[in-house]
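What follows is one structure encoded as structure tokens, with my remarks underneath.
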Amino acid sequence: MAEVQRVVVLALDGVYPFELGIPSRILGAADGRYEVLTCTVDGRPVRTNADFTVTAEHGPEVLATADTVVIPPVTPSAGTFDLTDEVSAALARIRPDTRIVSICTGAFVLAAAGLLDGRRATTHWQLADVFRRRYPRVELDADVLFVEDGRILTSAGAASGVDVCLHLVRSDHGSELANTVARRCVVPPFRDGGQAQYIEQPVPVAGSTGTAATRAWALERLDDPLALADLAAHARMSLRTFARRFHDEVGLSPGRWLIQQRVARARHLLESSDLSVDQIAGRVGFATGASLRQHLHAAIGVSPQAYRRTFQTAAR
């Protein structure tokens, strides 16, 4: 049995209740691999952004014992996220090697503490411009659901907290357990696309044919050399109409979406099989092993061999 990891969730004043509960719900479904504790900066109850307060079992001292610390989002106060002395003191208790995760506006807390300087990060797309003005030293990417930069992970709004917590399980223990957790919690194990699909934009014309059926059809044929014309023909649309509607629904071009799906399938096979890189490339629709290596490195920054060593070890 793998060693149990301690995760400490820091509930700050104005915390969002939904996101506050995500780590306990997702990580708590991982067959006892995580112990999830909740604390406040002074051990006292904190206000939420709803009409109730929450009482945590712990004070800030447990932060020093954490393997992972999670900062859920807080309600903006007068448009600022300035740290109080108590919050700064609490964050100072975190050990230098501790993994830190933020959800939504929790990234503002980490940035205010200087923990994101020189790092790539994300936050809710509606606050991206505010974030960039306040923290120009942070490389903000508002187009993704979460970012991992070394020991610090930041995620976008609300449900992206689920995505990043599933990523923790996948990184620590492999895709099999992460998929099991996703099924138990009735959430997708991996969401394709980024925040672009949620940014306010004109709603497609009512009654128009969507592209969901074609996406499902394509996922069953990733090993085929699918072209835009093939997808549009299946959807019975012109190339231009299909490309426009696809982007409206998914937030990505069909070509970029296909690459993401092929990389995701390749990652699963690297974790769960002993197939060679060339064999996996053929099964997911990349022409050569070199093409798979290129796309995998562009997506997650590692080679297939390095990815397999890391995740097969975690799974075992």
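FYI, nothing fancy with the structure tokens labels: chains A, B, ... in order, residues from 1 per chain, ligands from 1 as they appear.
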Against range 152-176 of chain A, which residues of range 24-140 of chain A fall within 6 Å? For each one I want the closest pair of atoms and the distance in Å (one decimal), counting only C-alpha atoms, rows by chain and increasing residue number, as CSV.
```
residue,atom,partner,partner_atom,distance
A:Arg99,CA,A:Ile152,CA,5.8
A:Ile100,CA,A:Ile152,CA,4.8
A:Val101,CA,A:Leu153,CA,4.7
A:Ser102,CA,A:Thr154,CA,4.7
A:Ile103,CA,A:Ser155,CA,4.9
A:Cys104,CA,A:Gly157,CA,4.4
A:Ala121,CA,A:Thr154,CA,5.7
A:Thr122,CA,A:Thr154,CA,5.7
A:Thr123,CA,A:Ala156,CA,4.4
A:His124,CA,A:Ala156,CA,4.6
```
Using only C-alpha atoms, please write the residues we just selected to a file, as a compact mmCIF listing (two decimals), in the first residue's frame.
```txt
# COMPACT_ATOMS: atom_id res chain seq x y z
CA ARG A 99 3.28 20.91 -3.47
CA ILE A 100 0.86 23.86 -3.65
CA VAL A 101 -2.39 23.96 -5.62
CA SER A 102 -4.71 26.91 -6.18
CA ILE A 103 -8.25 26.87 -7.51
CA CYS A 104 -9.63 29.89 -9.40
CA ALA A 121 0.00 30.03 -14.05
CA THR A 122 -3.72 30.41 -14.70
CA THR A 123 -6.86 31.72 -13.02
CA HIS A 124 -10.46 32.42 -13.98
```
Shell around Phe108 in chain A at 8 Å using only C-alpha atoms, local window under 4 positions removed, as a PDB file with N, CA and C atoms, in the first residue's frame:
```
ATOM      1  N   PHE A  81      -6.822  41.566  -3.651  1.00  0.00           N
ATOM      2  CA  PHE A  81      -6.523  40.311  -2.980  1.00  0.00           C
ATOM      3  C   PHE A  81      -5.280  40.499  -2.108  1.00  0.00           C
ATOM      4  N   ALA A 112       0.247  37.104  -4.774  1.00  0.00           N
ATOM      5  CA  ALA A 112       0.507  38.164  -3.804  1.00  0.00           C
ATOM      6  C   ALA A 112       1.625  37.785  -2.852  1.00  0.00           C
ATOM      7  N   PHE A 131      -5.415  40.213 -13.168  1.00  0.00           N
ATOM      8  CA  PHE A 131      -4.257  39.464 -12.690  1.00  0.00           C
ATOM      9  C   PHE A 131      -2.975  39.953 -13.373  1.00  0.00           C
TER      10      PHE A 131
END
```
| request: Work out how far apart CA of Glu57 in chain A and CA of Asp13 in chain A are and give it in Å to one decimal. | output: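 Here the two named atoms are 15.5 Å from each other.
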At a cut-off of 8 Å, using only C-alpha atoms, what residues contact Val263 in chain A? Leave out same-chain residues fewer than 5 positions from it and give the result as a short mmCIF file (atom, residue, chain, number, x, y, z; two decimals) with C-alpha atoms, in the first residue's frame.
```cif
data_model
loop_
_atom_site.label_atom_id
_atom_site.label_comp_id
_atom_site.auth_asym_id
_atom_site.auth_seq_id
_atom_site.Cartn_x
_atom_site.Cartn_y
_atom_site.Cartn_z
CA VAL A 284 -3.69 6.77 -32.00
CA LEU A 292 4.06 11.21 -31.32
CA HIS A 295 3.22 16.23 -29.99
CA LEU A 296 3.65 14.69 -26.53
CA ALA A 299 1.70 19.03 -24.75
#
```
| task | Skip Leu10 in chain A itself and residues of its chain fewer than 2 positions away, then list as a list in words all residues within 10 Å of it, counting only C-alpha atoms. | result | Val7, Val8, Leu12, Asp13, Val15, Leu20, Leu37, Thr38, Cys39, Thr40, Val41, Ala56, His58, Gly59, Pro60, Val62, Leu63, Val69, Val70, Ile71, Pro72, Pro73, Val87, Ala90 and Leu91 of chain A
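In this structure, CA of Asn179 in chain A sits 14.4 Å away from CA of Arg25 in chain A.
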| message | Could you go through range 29-272 of chain A and tell me which residues DSSP, when run on the backbone, assigns to strand (DSSP E), listing them as a count of residues only? | response | 31
| task | Tell me which protein, DNA and RNA residues are within 10 Å of Thr48 in chain A, counting only C-alpha atoms, leaving out same-chain ones fewer than 4 positions away, and put them as a list of chain:residue names. | result | A:Ala11, A:Leu12, A:Asp13, A:Gly14, A:Val15, A:Tyr16, A:Pro17, A:Phe18, A:Leu20, A:Phe52, A:Thr53, A:Val54, A:Val74, A:Thr75
| task | Tell me which of A:Asp149, A:Asp274, A:Asp129, A:Asp31 sits closest to Ala178 in chain A, counting only C-alpha atoms. | result | A:Asp31
| message | Would you compute the distance between CA of Gln261 in chain A and CA of Gly28 in chain A? Give it in Å to one decimal. | response |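 These two atoms are separated by 27.9 Å.
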| said: With only C-alpha atoms as the counted atoms, please give the residues lying no more than 6 Å from Gly285 in chain A, apart from itself and same-chain residues fewer than 2 positions off, as a PyMOL selection string. | reply: chain A and resi 222-224+282-283
How would the residues just picked look written out with C-alpha atoms as an mmCIF file, in the first residue's frame?
```cif
data_model
loop_
_atom_site.group_PDB
_atom_site.id
_atom_site.type_symbol
_atom_site.label_atom_id
_atom_site.label_comp_id
_atom_site.auth_asym_id
_atom_site.auth_seq_id
_atom_site.Cartn_x
_atom_site.Cartn_y
_atom_site.Cartn_z
ATOM 1 C CA LEU A 222 -8.401 7.977 -33.918
ATOM 2 C CA ASP A 223 -6.152 5.482 -35.697
ATOM 3 C CA ASP A 224 -7.579 6.633 -39.052
ATOM 4 C CA GLY A 282 -0.082 3.888 -35.094
ATOM 5 C CA ARG A 283 -2.951 3.117 -32.725
#
```
| task | Check the smallest atom-to-atom distance from each of A:Arg308, A:Arg236, A:Arg215, A:Arg6 to Leu269 in chain A using only C-alpha atoms, then report the winner. | result |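 Smallest separation from Leu269 in chain A among the options: A:Arg308.
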| Within 12 Å of His234 in chain A, counting only C-alpha atoms, which residues qualify if same-chain residues fewer than 5 places away don't, as a VMD selection string? | chain A and resid 209 to 218 226 to 229 239 242
